[in-house]
file final.txt (compact mmCIF, C-alpha atoms)
# COMPACT_ATOMS: atom_id res chain seq x y z
CA MET Y 1 163.04 141.11 136.55
CA SER Y 2 160.36 140.22 134.06
CA SER Y 3 156.73 140.22 135.11
CA THR Y 4 155.87 138.10 132.10
CA SER Y 5 152.44 136.50 132.24
CA GLU Y 6 151.96 132.74 132.15
CA LEU Y 7 150.65 133.12 128.59
CA ASP Y 8 153.71 134.97 127.31
CA ARG Y 9 156.12 132.73 129.21
CA ARG Y 10 154.39 129.61 127.88
CA ARG Y 11 154.75 130.91 124.35
CA PHE Y 12 158.47 131.51 124.78
CA LEU Y 13 159.19 128.20 126.42
CA GLN Y 14 157.34 126.24 123.80
CA ALA Y 15 159.10 128.40 121.22
CA LEU Y 16 155.96 129.06 119.22
CA GLY Y 17 156.06 132.84 119.53
CA ALA Y 18 154.73 135.46 121.91
CA THR Y 19 152.68 138.63 121.71
CA GLY Y 20 154.96 141.57 121.05
CA ALA Y 21 154.54 145.31 120.75
CA GLY Y 22 155.15 147.15 117.50
CA LEU Y 23 158.48 147.05 115.72
CA ALA Y 24 161.00 148.82 117.93
CA LEU Y 25 164.65 149.70 117.87
CA GLY Y 26 167.15 148.67 120.51
CA GLY Y 27 170.09 150.84 119.59
CA CYS Y 28 169.58 152.23 116.09
CA GLY Y 29 168.58 149.00 114.33
CA GLY Y 30 167.86 147.98 110.80
CA SER Y 31 168.97 145.22 108.48
CA LYS Y 32 171.40 147.39 106.56
CA ALA Y 33 174.81 148.15 108.01
CA SER Y 34 177.99 149.59 106.60
CA GLY Y 35 181.63 148.88 107.16
CA ASN Y 36 182.24 146.73 110.20
CA THR Y 37 178.78 147.08 111.74
CA ALA Y 38 176.82 143.86 112.32
CA THR Y 39 173.04 143.70 112.80
CA TYR Y 40 171.19 141.53 115.31
CA TRP Y 41 167.48 140.73 115.12
CA VAL Y 42 165.82 139.33 118.25
CA GLN Y 43 162.28 138.85 119.55
CA PRO Y 44 160.79 140.39 122.73
CA ASN Y 45 161.02 137.69 125.40
CA ALA Y 46 160.79 140.36 128.12
CA SER Y 47 159.12 143.76 128.29
CA GLN Y 48 159.99 146.26 125.58
CA GLN Y 49 161.82 148.46 128.10
CA GLN Y 50 163.84 145.54 129.45
CA MET Y 51 164.74 144.32 125.97
CA GLN Y 52 165.82 147.79 124.85
CA GLY Y 53 167.96 148.22 127.95
CA PHE Y 54 169.58 144.83 127.48
CA LEU Y 55 170.31 145.42 123.80
CA LYS Y 56 171.69 148.92 124.41
CA ASP Y 57 174.14 147.48 126.94
CA LEU Y 58 174.91 144.58 124.60
CA ALA Y 59 175.83 146.90 121.72
CA ALA Y 60 177.95 149.13 123.95
CA GLY Y 61 179.73 146.15 125.51
CA PHE Y 62 180.39 144.58 122.12
CA GLN Y 63 181.94 147.76 120.75
CA ALA Y 64 184.05 148.22 123.87
CA ALA Y 65 185.37 144.66 123.56
CA ASN Y 66 185.83 144.86 119.79
CA LYS Y 67 187.11 148.32 118.86
CA GLN Y 68 186.96 147.64 115.13
CA TYR Y 69 183.29 146.59 115.14
CA SER Y 70 179.91 147.96 116.16
CA ALA Y 71 176.40 146.51 116.39
CA LYS Y 72 172.88 147.54 115.45
CA THR Y 73 169.99 145.71 117.07
CA LEU Y 74 166.36 145.34 116.17
CA ILE Y 75 163.48 143.94 118.23
CA VAL Y 76 161.12 142.17 115.85
CA PRO Y 77 157.60 141.25 117.08
CA TRP Y 78 157.00 137.51 117.26
CA GLU Y 79 153.98 137.65 114.98
CA ASP Y 80 156.02 139.37 112.23
CA SER Y 81 159.28 137.50 112.63
CA GLN Y 82 158.91 134.61 110.22
CA THR Y 83 157.64 136.89 107.45
CA LYS Y 84 160.37 139.47 107.97
CA LEU Y 85 163.12 136.87 108.23
CA THR Y 86 161.91 135.15 105.06
CA ALA Y 87 161.91 138.45 103.19
CA ALA Y 88 165.34 139.41 104.51
CA PHE Y 89 166.94 136.08 103.64
CA SER Y 90 165.35 136.12 100.18
CA SER Y 91 166.55 139.66 99.46
CA GLY Y 92 170.20 138.74 99.85
CA ASN Y 93 170.58 141.44 102.52
CA PRO Y 94 169.80 139.53 105.73
CA PRO Y 95 170.51 140.56 109.32
CA ASP Y 96 173.97 139.33 110.22
CA VAL Y 97 172.93 137.59 113.44
CA THR Y 98 169.47 136.32 114.39
CA TYR Y 99 167.66 134.75 117.30
CA GLN Y 100 166.03 131.55 116.06
CA ILE Y 101 163.57 128.95 117.35
CA ALA Y 102 163.08 125.34 116.32
CA PRO Y 103 160.04 125.86 114.00
CA TRP Y 104 161.98 128.47 112.02
CA MET Y 105 165.09 126.29 111.94
CA ASN Y 106 162.91 123.64 110.31
CA ILE Y 107 162.20 126.13 107.53
CA TRP Y 108 165.77 127.34 106.95
CA ARG Y 109 167.47 123.97 107.42
CA GLN Y 110 167.87 123.11 103.74
CA THR Y 111 167.79 126.58 102.20
CA GLY Y 112 171.42 127.56 102.78
CA VAL Y 113 170.56 130.89 104.41
CA LEU Y 114 172.39 130.13 107.67
CA ALA Y 115 176.15 129.78 108.01
CA ASP Y 116 177.77 126.60 109.29
CA PHE Y 117 179.54 127.37 112.58
CA HIS Y 118 181.98 124.57 111.80
CA LYS Y 119 183.21 126.75 108.91
CA ILE Y 120 183.05 130.23 110.45
CA ALA Y 121 184.21 129.51 114.01
CA PRO Y 122 187.43 128.03 115.40
CA LYS Y 123 186.95 124.54 116.80
CA ASP Y 124 187.84 125.74 120.31
CA ASP Y 125 185.01 128.26 120.15
CA VAL Y 126 182.51 125.65 118.97
CA ASP Y 127 183.58 123.30 121.74
CA LYS Y 128 182.96 126.04 124.32
CA PHE Y 129 179.59 126.95 122.80
CA LEU Y 130 178.43 123.32 123.04
CA ASP Y 131 180.07 122.30 126.32
CA GLY Y 132 177.53 120.41 128.45
CA VAL Y 133 174.60 121.25 126.12
CA ASN Y 134 171.76 118.72 126.06
CA SER Y 135 172.16 116.80 122.80
CA SER Y 136 168.42 117.07 122.13
CA LEU Y 137 168.80 120.83 121.71
CA LEU Y 138 171.27 120.30 118.89
CA ASP Y 139 168.86 118.35 116.71
CA ALA Y 140 167.09 121.47 115.51
CA ALA Y 141 170.39 123.30 114.98
CA LYS Y 142 171.85 120.81 112.53
CA GLY Y 143 171.58 120.85 108.75
CA PRO Y 144 170.93 117.81 106.53
CA ASN Y 145 174.65 117.04 106.26
CA GLY Y 146 175.57 117.69 109.87
CA GLU Y 147 176.13 121.44 109.50
CA LEU Y 148 175.92 123.40 112.74
CA LEU Y 149 173.54 126.15 111.66
CA ALA Y 150 172.90 127.67 115.07
CA ILE Y 151 174.12 127.56 118.67
CA PRO Y 152 171.75 126.85 121.60
CA TYR Y 153 171.40 130.10 123.56
CA VAL Y 154 168.64 129.72 126.16
CA THR Y 155 166.42 126.80 127.03
CA GLY Y 156 163.58 125.70 129.27
CA GLY Y 157 161.54 122.67 130.18
CA SER Y 158 158.12 123.78 129.01
CA HIS Y 159 155.98 122.57 131.90
CA GLN Y 160 157.05 120.74 135.06
CA LEU Y 161 154.89 118.50 137.24
CA THR Y 162 154.29 120.60 140.33
CA VAL Y 163 152.37 120.09 143.59
CA ASN Y 164 150.65 122.68 145.79
CA LEU Y 165 152.10 121.92 149.23
CA ASN Y 166 149.23 123.52 151.14
CA ILE Y 167 146.70 121.20 149.47
CA TRP Y 168 149.05 118.23 149.83
CA GLU Y 169 149.30 118.82 153.57
CA GLN Y 170 145.52 119.26 153.85
CA ALA Y 171 145.17 115.88 152.10
CA GLY Y 172 147.36 114.23 154.74
CA LYS Y 173 150.64 114.20 152.80
CA PRO Y 174 150.02 111.17 150.57
CA PRO Y 175 153.17 109.77 148.91
CA LEU Y 176 154.31 112.02 146.09
CA PRO Y 177 153.86 110.36 142.69
CA THR Y 178 156.91 109.01 140.89
CA THR Y 179 155.10 107.34 137.96
CA TYR Y 180 152.22 108.20 135.67
CA ASP Y 181 150.14 105.43 137.22
CA GLU Y 182 150.72 106.87 140.71
CA MET Y 183 149.55 110.31 139.58
CA ILE Y 184 145.93 109.17 139.35
CA PRO Y 185 145.36 108.04 142.97
CA PHE Y 186 147.47 111.00 144.10
CA ALA Y 187 145.18 113.39 142.22
CA LYS Y 188 142.15 111.74 143.82
CA ALA Y 189 143.64 112.26 147.27
CA LEU Y 190 144.12 115.98 146.54
CA THR Y 191 140.58 116.51 145.22
CA ILE Y 192 138.76 118.13 148.13
CA ASP Y 193 135.30 119.65 148.34
CA THR Y 194 134.42 122.90 150.11
CA ALA Y 195 133.57 120.97 153.32
CA GLY Y 196 137.05 119.42 153.41
CA ARG Y 197 136.00 115.92 152.26
CA LYS Y 198 138.25 114.08 149.80
CA LEU Y 199 137.12 112.35 146.63
CA GLY Y 200 135.85 108.88 147.58
CA GLU Y 201 134.94 109.78 151.14
CA PRO Y 202 131.28 109.60 152.29
CA GLY Y 203 129.38 112.78 151.51
CA PHE Y 204 131.93 114.13 149.03
CA ASP Y 205 130.20 116.89 147.03
CA ALA Y 206 131.36 116.80 143.42
CA LYS Y 207 129.35 119.95 142.68
CA HIS Y 208 131.29 122.06 145.18
CA ILE Y 209 134.97 121.28 144.80
CA ALA Y 210 137.54 123.54 146.47
CA SER Y 211 140.56 121.97 144.77
CA TYR Y 212 140.93 119.48 141.96
CA GLY Y 213 143.79 117.05 142.24
CA MET Y 214 144.92 117.58 138.63
CA ASN Y 215 144.49 120.65 136.47
CA TRP Y 216 143.87 119.17 133.02
CA PRO Y 217 142.23 121.38 130.36
CA PRO Y 218 141.58 120.15 126.82
CA VAL Y 219 143.14 123.27 125.28
CA PRO Y 220 145.86 122.58 122.67
CA ALA Y 221 147.75 125.81 123.35
CA ILE Y 222 148.38 124.59 126.89
CA GLU Y 223 148.67 120.86 126.25
CA ASP Y 224 151.41 121.37 123.67
CA ASN Y 225 153.71 121.98 126.64
CA TYR Y 226 153.22 118.61 128.32
CA LEU Y 227 151.10 116.13 126.38
CA TRP Y 228 154.06 114.64 124.54
CA HIS Y 229 155.59 113.77 127.94
CA TYR Y 230 153.17 110.87 128.06
CA PHE Y 231 154.05 109.32 124.71
CA TRP Y 232 157.79 109.77 125.17
CA SER Y 233 157.80 108.42 128.71
CA PHE Y 234 155.71 105.41 127.68
CA GLY Y 235 158.13 104.62 124.85
CA SER Y 236 156.21 105.88 121.83
CA ASP Y 237 155.85 109.22 120.03
CA TYR Y 238 153.18 111.42 118.54
CA VAL Y 239 154.65 110.90 115.04
CA SER Y 240 156.38 107.80 113.67
CA ALA Y 241 160.16 107.63 113.30
CA ASP Y 242 159.96 108.31 109.55
CA GLY Y 243 157.58 111.22 110.13
CA LYS Y 244 154.91 109.79 107.83
CA ASP Y 245 152.31 108.51 110.30
CA VAL Y 246 151.24 108.74 113.92
CA GLY Y 247 153.68 107.22 116.37
CA PHE Y 248 151.20 105.95 118.95
CA ASP Y 249 149.41 103.17 117.07
CA ASN Y 250 151.19 100.57 119.20
CA ASP Y 251 150.97 99.07 122.68
CA ASN Y 252 153.05 101.80 124.32
CA GLY Y 253 151.14 104.62 122.66
CA ARG Y 254 147.79 103.11 123.57
CA ALA Y 255 148.94 102.66 127.17
CA ALA Y 256 149.84 106.34 127.33
CA LEU Y 257 146.46 107.34 125.93
CA ARG Y 258 144.61 105.09 128.37
CA ASN Y 259 146.55 106.67 131.22
CA MET Y 260 145.45 110.15 130.08
CA LYS Y 261 141.84 109.04 129.89
CA ALA Y 262 142.01 107.35 133.28
CA MET Y 263 143.09 110.68 134.80
CA VAL Y 264 140.29 112.56 133.06
CA ASP Y 265 137.71 109.91 134.05
CA SER Y 266 138.89 109.77 137.67
CA GLY Y 267 136.86 112.73 138.86
CA ALA Y 268 140.08 114.34 140.06
CA ALA Y 269 140.78 116.32 136.87
CA THR Y 270 139.41 119.75 136.12
CA PRO Y 271 136.36 119.52 133.81
CA PRO Y 272 136.75 120.72 130.18
CA GLY Y 273 135.12 124.12 130.51
CA LEU Y 274 136.65 125.22 133.79
CA TYR Y 275 139.95 126.72 132.59
CA THR Y 276 139.92 127.68 128.93
CA ASP Y 277 141.72 130.95 129.69
CA GLU Y 278 145.45 130.26 129.74
CA ASN Y 279 146.33 132.74 132.47
CA LYS Y 280 143.61 131.44 134.79
CA TRP Y 281 144.77 127.90 134.12
CA GLY Y 282 148.38 128.87 134.85
CA ASN Y 283 147.39 130.53 138.12
CA ALA Y 284 145.18 127.72 139.41
CA ILE Y 285 147.86 125.85 141.35
CA PHE Y 286 149.15 129.05 142.96
CA ALA Y 287 145.60 130.11 143.82
CA GLY Y 288 144.98 126.84 145.66
CA LYS Y 289 142.47 125.61 143.08
CA ALA Y 290 144.59 122.67 141.88
CA GLY Y 291 146.73 120.25 143.84
CA MET Y 292 148.88 119.14 140.90
CA GLN Y 293 149.59 120.72 137.53
CA TRP Y 294 152.09 120.95 134.71
CA VAL Y 295 153.52 124.39 135.51
CA GLY Y 296 155.35 126.64 133.06
CA GLY Y 297 156.95 129.01 135.52
CA PHE Y 298 156.61 131.05 138.69
CA THR Y 299 156.34 134.68 137.61
CA VAL Y 300 156.64 137.96 139.46
CA ASP Y 301 152.93 138.59 138.95
CA GLN Y 302 152.06 135.21 140.46
CA ALA Y 303 154.36 135.75 143.41
CA LYS Y 304 152.66 139.08 144.15
CA ALA Y 305 149.12 137.77 143.62
CA PHE Y 306 149.56 134.61 145.70
CA PRO Y 307 151.87 135.43 148.64
CA LYS Y 308 150.88 132.28 150.55
CA ALA Y 309 151.32 129.84 147.67
CA ARG Y 310 153.79 127.03 148.30
CA VAL Y 311 154.68 124.69 145.48
CA ARG Y 312 157.17 121.91 144.86
CA VAL Y 313 158.55 120.80 141.49
CA LEU Y 314 158.65 117.01 141.18
CA GLU Y 315 160.98 114.80 139.21
CA PRO Y 316 159.36 113.92 135.86
CA PRO Y 317 157.10 110.89 136.38
CA LYS Y 318 158.36 107.60 135.02
CA GLY Y 319 156.75 105.61 132.26
CA PRO Y 320 156.33 101.82 132.55
CA SER Y 321 160.00 101.18 131.70
CA GLY Y 322 161.34 104.03 133.81
CA ARG Y 323 161.69 106.67 131.08
CA GLN Y 324 161.54 110.29 132.27
CA VAL Y 325 161.12 113.05 129.67
CA ILE Y 326 160.18 116.74 129.68
CA VAL Y 327 159.02 118.67 126.62
CA GLY Y 328 161.58 121.42 126.21
CA ALA Y 329 162.30 124.43 124.04
CA CYS Y 330 165.34 126.34 122.91
CA GLY Y 331 166.32 129.71 121.50
CA TYR Y 332 169.32 129.74 119.14
CA ILE Y 333 171.85 132.22 117.77
CA ALA Y 334 172.55 131.99 114.04
CA VAL Y 335 174.74 133.86 111.53
CA ALA Y 336 173.55 134.61 108.00
CA ALA Y 337 175.40 132.72 105.27
CA LYS Y 338 175.18 135.81 103.06
CA SER Y 339 176.29 138.30 105.70
CA LYS Y 340 177.97 141.30 104.12
CA HIS Y 341 180.20 141.54 107.19
CA PRO Y 342 181.14 137.95 108.10
CA GLU Y 343 183.97 138.84 110.49
CA ALA Y 344 181.86 141.37 112.38
CA ALA Y 345 178.89 138.99 112.30
CA TYR Y 346 180.83 136.16 113.91
CA ALA Y 347 182.41 138.51 116.44
CA LEU Y 348 178.93 139.69 117.47
CA ALA Y 349 177.56 136.15 117.68
CA LYS Y 350 180.52 135.13 119.82
CA TYR Y 351 179.95 138.10 122.13
CA ILE Y 352 176.23 137.31 122.48
CA LEU Y 353 177.18 133.71 123.34
CA SER Y 354 179.85 134.72 125.86
CA PRO Y 355 179.06 133.38 129.36
CA GLU Y 356 178.41 136.80 130.90
CA GLN Y 357 176.03 137.97 128.16
CA GLN Y 358 174.34 134.60 127.80
CA GLU Y 359 173.68 134.35 131.53
CA LYS Y 360 172.47 137.95 131.70
CA TYR Y 361 169.87 137.34 129.00
CA THR Y 362 168.83 133.98 130.46
CA ARG Y 363 168.09 135.60 133.81
CA LEU Y 364 166.34 138.55 132.18
CA ILE Y 365 163.72 136.32 130.57
CA LEU Y 366 163.52 133.75 133.41
CA ALA Y 367 164.78 130.99 131.16
CA LEU Y 368 167.27 128.23 131.93
CA PRO Y 369 170.95 128.04 131.04
CA VAL Y 370 171.96 125.73 128.21
CA HIS Y 371 175.19 124.99 130.08
CA PRO Y 372 174.73 123.19 133.41
CA ALA Y 373 175.05 125.52 136.39
CA SER Y 374 177.55 124.54 139.09
CA GLY Y 375 175.30 125.89 141.85
CA ASP Y 376 172.00 127.72 142.08
CA PHE Y 377 171.58 129.72 138.87
CA TYR Y 378 168.91 132.00 140.36
CA THR Y 379 169.64 133.74 143.68
CA ASP Y 380 168.22 137.25 143.40
CA LEU Y 381 164.70 136.97 141.98
CA PRO Y 382 162.10 139.20 143.68
CA ASP Y 383 160.65 136.30 145.69
CA PRO Y 384 162.64 133.40 147.22
CA ARG Y 385 159.94 130.99 146.05
CA MET Y 386 160.78 131.96 142.47
CA ASN Y 387 164.46 131.20 143.06
CA GLU Y 388 163.53 127.82 144.51
CA PHE Y 389 161.23 127.00 141.59
CA GLN Y 390 163.67 128.04 138.86
CA ASN Y 391 166.62 126.24 140.42
CA ALA Y 392 164.59 123.06 140.83
CA VAL Y 393 163.63 123.20 137.16
CA GLU Y 394 167.24 123.87 136.10
CA LYS Y 395 168.35 120.64 137.73
CA LEU Y 396 165.85 118.70 135.60
CA GLY Y 397 167.28 119.94 132.32
CA LYS Y 398 168.83 116.54 131.59
CA TYR Y 399 165.33 115.19 130.93
CA THR Y 400 164.54 117.81 128.28
CA ARG Y 401 163.64 116.82 124.75
CA ILE Y 402 162.48 119.27 122.10
CA THR Y 403 159.55 118.54 119.82
CA ARG Y 404 160.00 116.67 116.55
CA ILE Y 405 161.78 118.23 113.60
CA LEU Y 406 159.18 117.96 110.85
CA LYS Y 407 158.30 119.70 107.60
CA TYR Y 408 154.70 119.97 108.79
CA GLN Y 409 153.11 120.70 112.15
CA PRO Y 410 150.55 118.06 113.21
CA GLN Y 411 150.61 118.85 116.92
CA GLU Y 412 147.45 120.92 117.26
CA TYR Y 413 145.42 118.51 115.15
CA LEU Y 414 146.65 115.52 117.17
CA MET Y 415 145.88 117.24 120.47
CA GLY Y 416 142.35 117.85 119.27
CA LYS Y 417 141.92 114.18 118.38
CA ILE Y 418 143.39 113.05 121.70
CA ASN Y 419 140.95 115.35 123.49
CA ASP Y 420 138.10 113.73 121.57
CA TYR Y 421 139.21 110.39 122.97
CA VAL Y 422 139.88 111.37 126.58
CA ALA Y 423 136.60 113.32 126.71
CA GLY Y 424 134.68 110.27 125.50
CA LYS Y 425 133.67 111.73 122.14
CA GLN Y 426 135.42 109.00 120.15
CA ASP Y 427 136.70 105.54 120.98
CA LEU Y 428 140.41 104.75 120.91
CA ASP Y 429 140.55 102.75 117.68
CA ALA Y 430 138.48 105.26 115.71
CA MET Y 431 140.54 108.16 117.01
CA ILE Y 432 143.82 106.51 116.03
CA GLN Y 433 142.45 105.58 112.61
CA ASP Y 434 141.33 109.16 111.91
CA ALA Y 435 144.58 110.62 113.23
CA SER Y 436 146.69 108.25 111.17
CA LYS Y 437 144.83 109.11 107.96
CA GLN Y 438 145.19 112.85 108.49
CA VAL Y 439 148.86 112.75 109.49
CA ARG Y 440 149.70 110.59 106.47
CA GLN Y 441 148.04 113.18 104.25
CA MET Y 442 149.87 116.05 105.95
CA ALA Y 443 153.20 114.27 105.63
CA ALA Y 444 152.62 113.46 101.96
CA ALA Y 445 151.73 117.07 101.18
CA ALA Y 446 154.81 118.37 103.01
CA ASN Y 447 157.14 116.00 101.18
call {"tool": "encode", "arguments": {"input": "final.txt", "output": "structure tokens"}}
result
Amino acid sequence: MSSTSELDRRRFLQALGATGAGLALGGCGGSKASGNTATYWVQPNASQQQMQGFLKDLAAGFQAANKQYSAKTLIVPWEDSQTKLTAAFSSGNPPDVTYQIAPWMNIWRQTGVLADFHKIAPKDDVDKFLDGVNSSLLDAAKGPNGELLAIPYVTGGSHQLTVNLNIWEQAGKPPLPTTYDEMIPFAKALTIDTAGRKLGEPGFDAKHIASYGMNWPPVPAIEDNYLWHYFWSFGSDYVSADGKDVGFDNDNGRAALRNMKAMVDSGAATPPGLYTDENKWGNAIFAGKAGMQWVGGFTVDQAKAFPKARVRVLEPPKGPSGRQVIVGACGYIAVAAKSKHPEAAYALAKYILSPEQQEKYTRLILALPVHPASGDFYTDLPDPRMNEFQNAVEKLGKYTRITRILKYQPQEYLMGKINDYVAGKQDLDAMIQDASKQVRQMAAAAN
């Protein structure tokens, strides 16, 4: 099983890329193939050794199941992928099958470089590929005229609201929060100083805190995994419906922002400079330093480092009208429109998307299945706590929503402005005014 760090796992789940080793072959890869050989380019969502082993077995299994075809596979580092894919598509000699993520799909959507599965696949196959798939995952896979340019392959809810049970019990087992408003008093109850006194109790020492109730760092790379939960659950968005302005200059958006600030101002949230390192932030709840946190996963490394950690994944908190939403991510399988070997290309894509291969890869990278599991999807991870965590997350997949499909990427800028507000550096109206002006300029430039 993967021992992926919180940083690498976060990058996969948010589908923004991950640190990869140098360009490596799984099989005897390359973009050129002759005869009935199809090529497959994929990124390293597990260790290089694990990826190579998986792809070697994939190629062998494909050829055994399809005597007339063979496959070549190539592991492409995340940091090089967009450049290499752009060059390959532009050259007219693209890889036949590719692993895609939503930001790249936003680039290829109107360029015609990806084949429409409605045209290359029998309807029965398409129906099987999409059976039970969260409709939100399909948004990024569709072209401007409804083309199906990719098939959802693996998914994940980026970060789940999770509670450290040891701290919760020490706090006297206060009622678990079910709404965003309830999260604030809950976090206060789980903020405990080194003498065992809770926030608000006489003698509480704010300078010597053993556990904060809520792990909240103002770091965009982390917040991108959960901040949009607030807007969506409160009935607004970070960008307007037409994509030309901010989406939170309204009562619902302001309510979400005030809720964020109330948590930060409560004294129960981690201060800004405490966890700027992503791995330390990700480990805080397992280390007993945070009572509640948006958690991206329970890795092998964390299980080994924190053998006494006990955590529980909660249902997504409800907004004022009862909405429950989780920021999600998705990896897709696509076929090149200009494939030199269209029959072999589709046969390979179909094999990659077959239940056995799809499930094997999903488990390899500790992701979640795009098709609902009938029982527990994870049963043999190295630590039973990991099985429990992953299966709890899988059951929350119905709440998943992927980030907006836009021609520009305003997320990091907006997170910075929101941090200015919640940290008290700028008032609400001024922050919204600045954010609106900048997003309108970004949208105009992109269009």
call {"tool": "closest_residue", "arguments": {"input": "final.txt", "among": "Y:Thr39, Y:Gln409, Y:Ser436, Y:Ser135", "to": "Asn250 of chain Y", "atoms": "all atoms listed in the file"}}
result
Y:Ser436
call {"tool": "atom_distance", "arguments": {"input": "final.txt", "atom1": "atom CA of Ser81 of chain Y", "atom2": "atom CA of Leu114 of chain Y"}}
result
15.8 Å
call {"tool": "closest_residue", "arguments": {"input": "final.txt", "among": "Y:Ala345, Y:Ala171, Y:Val325, Y:Ala141", "to": "Trp232 of chain Y", "atoms": "all atoms listed in the file"}}
result
Y:Val325
call {"tool": "closest_residue", "arguments": {"input": "final.txt", "among": "Y:Pro372, Y:Gly253, Y:Pro342, Y:Pro95", "to": "Ile120 of chain Y", "atoms": "all atoms listed in the file"}}
result
Y:Pro342
call {"tool": "atom_distance", "arguments": {"input": "final.txt", "atom1": "atom CA of Lys123 of chain Y", "atom2": "atom CA of Trp104 of chain Y"}}
result
25.7 Å
call {"tool": "atom_distance", "arguments": {"input": "final.txt", "atom1": "atom CA of Thr37 of chain Y", "atom2": "atom CA of Gly53 of chain Y"}}
result
19.5 Å
call {"tool": "residues_near_point", "arguments": {"input": "final.txt", "point": "(179.8, 131.1, 113.2)", "cutoff": "9 Å", "atoms": "only C-alpha atoms", "output": "ChimeraX atom specification"}}
result
/Y:115-122,126,148-151,334-336,342,345-347,349-350
call {"tool": "residues_around", "arguments": {"input": "final.txt", "residues": "Thr98 of chain Y", "least_positions_apart": "2", "cutoff": "6 Å", "atoms": "only C-alpha atoms", "output": "ChimeraX atom specification"}}
result
/Y:40-41,333-334
call {"tool": "residues_around", "arguments": {"input": "final.txt", "residues": "Phe306 of chain Y", "least_positions_apart": "3", "cutoff": "7 Å", "atoms": "only C-alpha atoms", "output": "list of chain:residue names"}}
result
Y:Phe286, Y:Ala287, Y:Gln302, Y:Ala303, Y:Ala309
call {"tool": "residues_around", "arguments": {"input": "final.txt", "residues": "Val163 of chain Y", "least_positions_apart": "6", "cutoff": "6 Å", "atoms": "all atoms listed in the file", "output": "list in words"}}
result
Gly291, Met292, Val311 and Arg312 of chain Y
call {"tool": "closest_residue", "arguments": {"input": "final.txt", "among": "Y:Trp281, Y:Ala337, Y:Gly331, Y:Gly112", "to": "Gln43 of chain Y", "atoms": "all atoms listed in the file"}}
result
Y:Gly331
call {"tool": "closest_residue", "arguments": {"input": "final.txt", "among": "Y:Val239, Y:Ala305, Y:Ala102, Y:Val300", "to": "Pro382 of chain Y", "atoms": "only C-alpha atoms"}}
result
Y:Val300
call {"tool": "closest_residue", "arguments": {"input": "final.txt", "among": "Y:Asp251, Y:Glu356, Y:Lys56, Y:Pro218", "to": "Lys417 of chain Y", "atoms": "all atoms listed in the file"}}
result
Y:Pro218
call {"tool": "residues_around", "arguments": {"input": "final.txt", "residues": "Val439 of chain Y", "least_positions_apart": "5", "cutoff": "7 Å", "atoms": "only C-alpha atoms", "output": "PyMOL selection string"}}
result
chain Y and resi 244-246+410
call {"tool": "write_last_selection", "arguments": {"input": "final.txt", "atoms": "C-alpha atoms", "output": "compact mmCIF listing (two decimals), keeping the file's coordinate frame"}}
result
# COMPACT_ATOMS: atom_id res chain seq x y z
CA LYS Y 244 154.91 109.79 107.83
CA ASP Y 245 152.31 108.51 110.30
CA VAL Y 246 151.24 108.74 113.92
CA PRO Y 410 150.55 118.06 113.21
call {"tool": "axis_aligned_box", "arguments": {"input": "final.txt", "around": "segment 110-119 of chain Y", "padding_each_side": "6 Å", "output": "JSON"}}
result
{"center_x": 175.5, "center_y": 127.0, "center_z": 107.4, "size_x": 27.4, "size_y": 19.8, "size_z": 22.4}
call {"tool": "residues_around", "arguments": {"input": "final.txt", "residues": "Glu223 of chain Y", "least_positions_apart": "3", "cutoff": "10 Å", "atoms": "all atoms listed in the file", "output": "PyMOL selection string"}}
result
chain Y and resi 159+216-220+226-228+294+411-412+415-416+419
